[in-house]
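> Handing over work.cif, mmCIF, C-alpha atoms.
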```cif
data_work
#
loop_
_atom_site.label_atom_id
_atom_site.label_comp_id
_atom_site.auth_asym_id
_atom_site.auth_seq_id
_atom_site.Cartn_x
_atom_site.Cartn_y
_atom_site.Cartn_z
CA MET A 1 -0.62 33.15 9.50
CA ASP A 2 -3.88 32.98 11.43
CA PHE A 3 -5.19 29.80 13.02
CA TYR A 4 -7.51 28.76 10.17
CA GLU A 5 -4.79 29.42 7.59
CA VAL A 6 -2.47 27.11 9.53
CA ILE A 7 -5.10 24.36 9.38
CA LYS A 8 -5.68 24.84 5.65
CA ASN A 9 -1.95 25.05 4.87
CA ARG A 10 -0.92 21.89 6.71
CA ARG A 11 0.27 19.28 4.20
CA SER A 12 1.84 15.86 4.31
CA CYS A 13 5.33 16.86 3.21
CA ARG A 14 7.47 14.08 1.75
CA VAL A 15 10.47 16.02 0.42
CA PHE A 16 12.64 18.08 2.76
CA THR A 17 15.77 20.23 2.51
CA SER A 18 18.88 19.27 4.48
CA GLU A 19 18.68 22.48 6.52
CA PRO A 20 18.83 21.64 10.23
CA VAL A 21 15.88 22.53 12.44
CA GLY A 22 16.80 24.51 15.53
CA ARG A 23 16.19 22.95 18.90
CA ASP A 24 14.29 26.06 19.99
CA VAL A 25 11.76 25.52 17.19
CA LEU A 26 11.49 21.81 17.96
CA GLU A 27 10.86 22.61 21.63
CA LYS A 28 7.92 24.84 20.64
CA ILE A 29 6.46 22.04 18.51
CA VAL A 30 6.87 19.45 21.25
CA GLU A 31 5.35 21.81 23.82
CA ALA A 32 2.36 22.38 21.52
CA ALA A 33 1.95 18.62 21.18
CA LEU A 34 2.05 18.12 24.92
CA TRP A 35 -0.72 20.70 25.44
CA ALA A 36 -3.18 18.48 23.55
CA PRO A 37 -6.18 17.12 25.43
CA SER A 38 -5.98 13.58 26.75
CA GLY A 39 -8.52 11.15 28.16
CA LYS A 40 -9.10 11.99 31.85
CA ASN A 41 -6.09 14.32 31.57
CA ARG A 42 -3.77 11.31 31.83
CA GLN A 43 -1.19 13.06 29.61
CA ASN A 44 -0.03 9.69 28.36
CA CYS A 45 1.73 10.91 25.20
CA ARG A 46 5.48 10.35 25.06
CA ILE A 47 7.58 11.94 22.33
CA PHE A 48 11.09 11.05 21.21
CA VAL A 49 12.82 13.79 19.18
CA VAL A 50 15.42 11.96 17.11
CA THR A 51 18.24 13.05 14.83
CA GLY A 52 21.70 11.79 13.86
CA GLU A 53 22.59 8.10 13.79
CA LYS A 54 19.51 7.01 15.74
CA ARG A 55 17.34 8.80 13.18
CA ASP A 56 19.13 6.86 10.44
CA THR A 57 18.37 3.59 12.25
CA LEU A 58 14.68 4.52 12.46
CA VAL A 59 14.61 5.52 8.79
CA SER A 60 15.90 2.04 7.93
CA ILE A 61 13.10 0.50 9.98
CA ALA A 62 10.51 2.74 8.30
CA ASP A 63 11.87 1.66 4.91
CA ARG A 64 11.33 -2.00 5.80
CA SER A 65 7.73 -1.21 6.79
CA TRP A 66 6.98 -0.41 3.13
CA SER A 67 5.82 -3.95 2.42
CA PHE A 68 2.88 -3.48 4.80
CA ILE A 69 1.43 -0.58 2.78
CA GLU A 70 2.39 -1.32 -0.82
CA GLU A 71 -0.65 -3.42 -1.77
CA SER A 72 -3.21 -0.89 -0.51
CA LEU A 73 -1.38 1.97 -2.23
CA ARG A 74 -1.46 0.08 -5.52
CA GLU A 75 -5.24 -0.34 -5.12
CA LEU A 76 -5.74 3.39 -4.52
CA TYR A 77 -3.18 5.20 -6.68
CA ASP A 78 -1.43 5.11 -10.03
CA GLU A 79 2.16 3.90 -10.39
CA ARG A 80 3.57 7.44 -10.25
CA ILE A 81 2.18 7.99 -6.72
CA VAL A 82 3.23 4.50 -5.61
CA ALA A 83 6.80 5.10 -6.85
CA PHE A 84 6.95 8.53 -5.17
CA THR A 85 5.73 7.05 -1.89
CA ARG A 86 8.18 4.15 -2.16
CA ASN A 87 11.01 6.65 -2.56
CA PHE A 88 9.79 8.57 0.49
CA PHE A 89 9.95 5.42 2.61
CA ARG A 90 13.59 4.88 1.60
CA ASN A 91 14.83 8.02 3.37
CA LEU A 92 11.73 9.76 4.79
CA GLY A 93 12.23 12.52 2.27
CA GLY A 94 15.54 13.52 3.83
CA ALA A 95 13.83 14.98 6.92
CA PRO A 96 16.58 15.82 9.43
CA VAL A 97 14.39 15.18 12.48
CA LEU A 98 11.98 12.43 13.39
CA LEU A 99 9.35 12.74 16.10
CA VAL A 100 8.31 9.33 17.41
CA PHE A 101 5.03 9.25 19.32
CA TYR A 102 4.21 6.64 21.93
CA SER A 103 1.28 6.04 24.22
CA GLU A 104 1.90 5.09 27.80
CA PRO A 105 -0.98 2.66 28.53
CA THR A 106 -3.68 3.82 30.95
CA LYS A 107 -6.69 2.20 32.60
CA GLU A 108 -8.88 3.83 29.96
CA GLY A 109 -7.53 1.41 27.37
CA ALA A 110 -5.96 1.49 23.92
CA PHE A 111 -8.88 3.24 22.19
CA VAL A 112 -8.75 6.29 24.50
CA ASP A 113 -4.95 6.22 24.68
CA LEU A 114 -4.68 6.28 20.88
CA GLN A 115 -7.06 9.24 20.63
CA SER A 116 -5.06 11.15 23.23
CA VAL A 117 -1.76 10.69 21.39
CA SER A 118 -3.44 11.43 18.05
CA ALA A 119 -4.52 14.82 19.40
CA ALA A 120 -0.89 15.50 20.35
CA ILE A 121 0.27 14.51 16.86
CA GLU A 122 -2.19 16.91 15.24
CA ASN A 123 -1.00 19.72 17.52
CA ALA A 124 2.58 18.98 16.45
CA LEU A 125 1.66 18.99 12.76
CA LEU A 126 -0.11 22.34 13.10
CA ALA A 127 2.74 23.85 15.14
CA ALA A 128 5.23 22.66 12.51
CA THR A 129 3.16 24.36 9.80
CA HIS A 130 3.03 27.55 11.85
CA GLU A 131 6.85 27.44 12.16
CA GLY A 132 7.29 27.05 8.38
CA LEU A 133 8.19 23.37 8.61
CA GLY A 134 6.86 20.37 6.75
CA SER A 135 5.77 17.13 8.40
CA CYS A 136 4.09 13.84 7.61
CA TRP A 137 2.06 11.59 9.94
CA MET A 138 3.21 8.00 9.39
CA SER A 139 1.50 5.11 11.15
CA ASN A 140 3.04 2.35 9.03
CA PRO A 141 6.19 1.84 11.17
CA VAL A 142 3.98 0.42 13.96
CA HIS A 143 4.18 -2.86 12.03
CA LEU A 144 7.80 -3.06 13.16
CA LYS A 145 7.17 -1.84 16.71
CA ASP A 146 9.59 -4.28 18.32
CA GLU A 147 12.47 -2.96 16.20
CA VAL A 148 11.57 0.66 16.94
CA ASP A 149 11.25 -0.09 20.66
CA LYS A 150 14.67 -1.75 20.68
CA ALA A 151 16.29 1.15 18.81
CA LEU A 152 14.90 3.67 21.30
CA GLY A 153 15.19 1.51 24.42
CA VAL A 154 11.43 1.60 25.00
CA GLU A 155 9.51 -0.90 27.11
CA GLY A 156 5.87 -1.01 28.09
CA MET A 157 4.59 1.65 25.71
CA ASP A 158 2.63 1.52 22.46
CA LEU A 159 4.12 2.99 19.30
CA VAL A 160 1.63 5.29 17.56
CA ALA A 161 3.43 7.13 14.76
CA PHE A 162 6.54 8.59 13.19
CA VAL A 163 6.48 12.25 12.12
CA PRO A 164 9.40 13.24 9.88
CA ILE A 165 9.92 16.97 10.20
CA GLY A 166 12.06 19.58 8.44
CA TYR A 167 11.97 22.46 6.01
CA PRO A 168 9.94 21.52 2.95
CA SER A 169 11.79 21.28 -0.35
CA LYS A 170 8.48 21.98 -2.06
CA THR A 171 4.96 22.57 -0.84
CA PRO A 172 2.55 19.85 -1.87
CA PRO A 173 -0.70 21.04 -3.46
CA ALA A 174 -3.88 20.94 -1.43
CA PRO A 175 -5.79 17.74 -2.12
CA PRO A 176 -9.44 18.25 -3.02
CA ARG A 177 -11.87 18.02 -0.12
CA LYS A 178 -14.76 15.56 -0.34
CA ASP A 179 -18.24 16.99 0.06
CA GLY A 180 -20.94 15.64 2.37
CA ARG A 181 -18.70 14.66 5.29
CA ALA A 182 -20.52 16.82 7.86
CA ARG A 183 -24.20 16.54 8.79
CA TRP A 184 -26.06 19.34 10.54
CA VAL A 185 -28.77 18.03 12.84
CA GLY A 186 -31.39 20.16 14.56
CA PHE A 187 -30.53 23.39 12.68
CA GLU A 188 -33.72 23.44 10.59
#
```
Can the structure in the file be given as structure tokens, please?

Amino acid sequence: MDFYEVIKNRRSCRVFTSEPVGRDVLEKIVEAALWAPSGKNRQNCRIFVVTGEKRDTLVSIADRSWSFIEESLRELYDERIVAFTRNFFRNLGGAPVLLVFYSEPTKEGAFVDLQSVSAAIENALLAATHEGLGSCWMSNPVHLKDEVDKALGVEGMDLVAFVPIGYPSKTPPAPPRKDGRARWVGFE
């Protein structure tokens, strides 16, 4: 699949098969993430690749983070979508691997640090798509940062996101794109 197809085929996958993901594939995805640009080339992104019992612990934490998102989901979506999302939070769709992204703080500050790690997350999502895997960018677990930090033995870093990853059980449809989001200036 060419580069632009990868971009257009990336989806937020919330239902995965139980098929394990090979370490060689995960290493490619992590390497792609770590090649992302970062503010002043600080390379402050830190990635934990988690499976097994520790993954199960993090899934439990993610499930408890549901209460922080429920109200806004109910404002935006019908009950069917809310129920589907609630079910996803219970087990992260059965994804066998969880990438946990952290920012190591720099002098540039949280705003720049967050952008740097976000670029790495997008690279990982695109690499996963290229490898035939599904993924989902989840920021909600940051509400329980202290629990995640304790589970992973992390100190002095800022939790940015969870990315469940695995082989998709089904491919979600492409959501419609909103018009008018880009403005062309000076091209008259």
> To verify the selection step, state as a PDB file with C-alpha atoms, in the coordinates of the input which residues the PyMOL selection byres ((chain A and resi 122-125) around 10) yields on this input.

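Final output, result.pdb:
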```
ATOM      1  CA  VAL A   6      -2.470  27.110   9.530  1.00  0.00           C
ATOM      2  CA  ILE A   7      -5.100  24.360   9.380  1.00  0.00           C
ATOM      3  CA  ARG A  10      -0.920  21.890   6.710  1.00  0.00           C
ATOM      4  CA  ARG A  11       0.270  19.280   4.200  1.00  0.00           C
ATOM      5  CA  SER A  12       1.840  15.860   4.310  1.00  0.00           C
ATOM      6  CA  LEU A  26      11.490  21.810  17.960  1.00  0.00           C
ATOM      7  CA  LYS A  28       7.920  24.840  20.640  1.00  0.00           C
ATOM      8  CA  ILE A  29       6.460  22.040  18.510  1.00  0.00           C
ATOM      9  CA  VAL A  30       6.870  19.450  21.250  1.00  0.00           C
ATOM     10  CA  GLU A  31       5.350  21.810  23.820  1.00  0.00           C
ATOM     11  CA  ALA A  32       2.360  22.380  21.520  1.00  0.00           C
ATOM     12  CA  ALA A  33       1.950  18.620  21.180  1.00  0.00           C
ATOM     13  CA  LEU A  34       2.050  18.120  24.920  1.00  0.00           C
ATOM     14  CA  TRP A  35      -0.720  20.700  25.440  1.00  0.00           C
ATOM     15  CA  ALA A  36      -3.180  18.480  23.550  1.00  0.00           C
ATOM     16  CA  PRO A  37      -6.180  17.120  25.430  1.00  0.00           C
ATOM     17  CA  LEU A  99       9.350  12.740  16.100  1.00  0.00           C
ATOM     18  CA  VAL A 117      -1.760  10.690  21.390  1.00  0.00           C
ATOM     19  CA  SER A 118      -3.440  11.430  18.050  1.00  0.00           C
ATOM     20  CA  ALA A 119      -4.520  14.820  19.400  1.00  0.00           C
ATOM     21  CA  ALA A 120      -0.890  15.500  20.350  1.00  0.00           C
ATOM     22  CA  ILE A 121       0.270  14.510  16.860  1.00  0.00           C
ATOM     23  CA  LEU A 126      -0.110  22.340  13.100  1.00  0.00           C
ATOM     24  CA  ALA A 127       2.740  23.850  15.140  1.00  0.00           C
ATOM     25  CA  ALA A 128       5.230  22.660  12.510  1.00  0.00           C
ATOM     26  CA  THR A 129       3.160  24.360   9.800  1.00  0.00           C
ATOM     27  CA  HIS A 130       3.030  27.550  11.850  1.00  0.00           C
ATOM     28  CA  GLU A 131       6.850  27.440  12.160  1.00  0.00           C
ATOM     29  CA  LEU A 133       8.190  23.370   8.610  1.00  0.00           C
ATOM     30  CA  GLY A 134       6.860  20.370   6.750  1.00  0.00           C
ATOM     31  CA  SER A 135       5.770  17.130   8.400  1.00  0.00           C
ATOM     32  CA  CYS A 136       4.090  13.840   7.610  1.00  0.00           C
ATOM     33  CA  TRP A 137       2.060  11.590   9.940  1.00  0.00           C
ATOM     34  CA  VAL A 163       6.480  12.250  12.120  1.00  0.00           C
ATOM     35  CA  ILE A 165       9.920  16.970  10.200  1.00  0.00           C
TER      36      ILE A 165
END
```
> Can you pull out the residues contacting Pro172 (chain A)? Cut-off 7 Å, using only C-alpha atoms, and skip same-chain residues under 2 positions away; I want them as a tab-separated table (two decimals) with C-alpha atoms, in the frame of the given file.

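The new file part_8.tsv reads:
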```
chain	number	residue	atom	x	y	z
A	11	ARG	CA	0.27	19.28	4.20
A	13	CYS	CA	5.33	16.86	3.21
A	170	LYS	CA	8.48	21.98	-2.06
A	174	ALA	CA	-3.88	20.94	-1.43
```
> Ranking A:Lys54, A:Arg74, A:Arg42, A:Arg86 by minimum distance to Asp149 (chain A) and counting only C-alpha atoms, which one comes first?
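Answer, going by the shortest atom-to-atom distance: A:Lys54.
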> Taking (10.9, 12.6, 17.7) in the file's coordinates, which residues come within 9 Å, counting only C-alpha atoms, written as an NGL selection string?
:A and (30 or 47-51 or 55 or 97-101 or 162-165)
> When you draw a straight line from CA of Arg14 (chain A) to CA of Glu71 (chain A), how long is it in Å?
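Between CA of Arg14 (chain A) and CA of Glu71 (chain A) the gap is 19.6 Å.
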> Enumerate, as a count of residues only, the protein, DNA and RNA residues whose atoms approach (8.9, -4.5, 6.3) to within 12 Å, taking into account all atoms listed in the file and the coordinate frame of the file.
21
> Which residue is closest to Tyr102 (chain A)? Choose from A:Phe88, A:Ser139, A:Met157, A:Leu152 and count all atoms listed in the file.
A:Met157
> List as a list in words the protein and nucleic acid residues near Val112 (chain A), meaning an atom at most 10 Å away when only C-alpha atoms are counted, but skip any in the same chain fewer than 5 places from it.
Ser38, Gly39, Lys40, Pro105, Thr106, Lys107, Val117 and Ser118 of chain A
> Grab the CA of Thr17 (chain A) to CA of Ala95 (chain A) distance for me, in Å with one decimal place.
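According to the coordinates, CA of Thr17 (chain A) and CA of Ala95 (chain A) are separated by 7.1 Å.
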> Point out the residue among A:Met1, A:Val25, A:Arg181, A:Asp158 with the least atom-to-atom distance to Cys45 (chain A), counting all atoms listed in the file.
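Closest to Cys45 (chain A) of all the choices is A:Asp158.
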> Could you jot down the CA of Leu92 (chain A) to CA of Phe16 (chain A) separation for me, Å, one decimal place?
8.6 Å
> With all atoms listed in the file as the atoms that count, which of A:Gln43, A:Met138, A:Lys8, A:Glu27 lies nearest to Asp113 (chain A)?
A:Gln43
> Of the candidates A:Ser116, A:Ala110, A:Leu76, A:Asp179, which shows the shortest atom-to-atom distance to Asn41 (chain A), using only C-alpha atoms?
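For Asn41 (chain A), the nearest of the candidates is A:Ser116.
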> Smallest atom-to-atom distance to Val154 (chain A): which of A:Ser103, A:Ser169, A:Asn9, A:Asn44, using all atoms listed in the file?
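The shortest atom-to-atom distance to Val154 (chain A) comes from A:Ser103.
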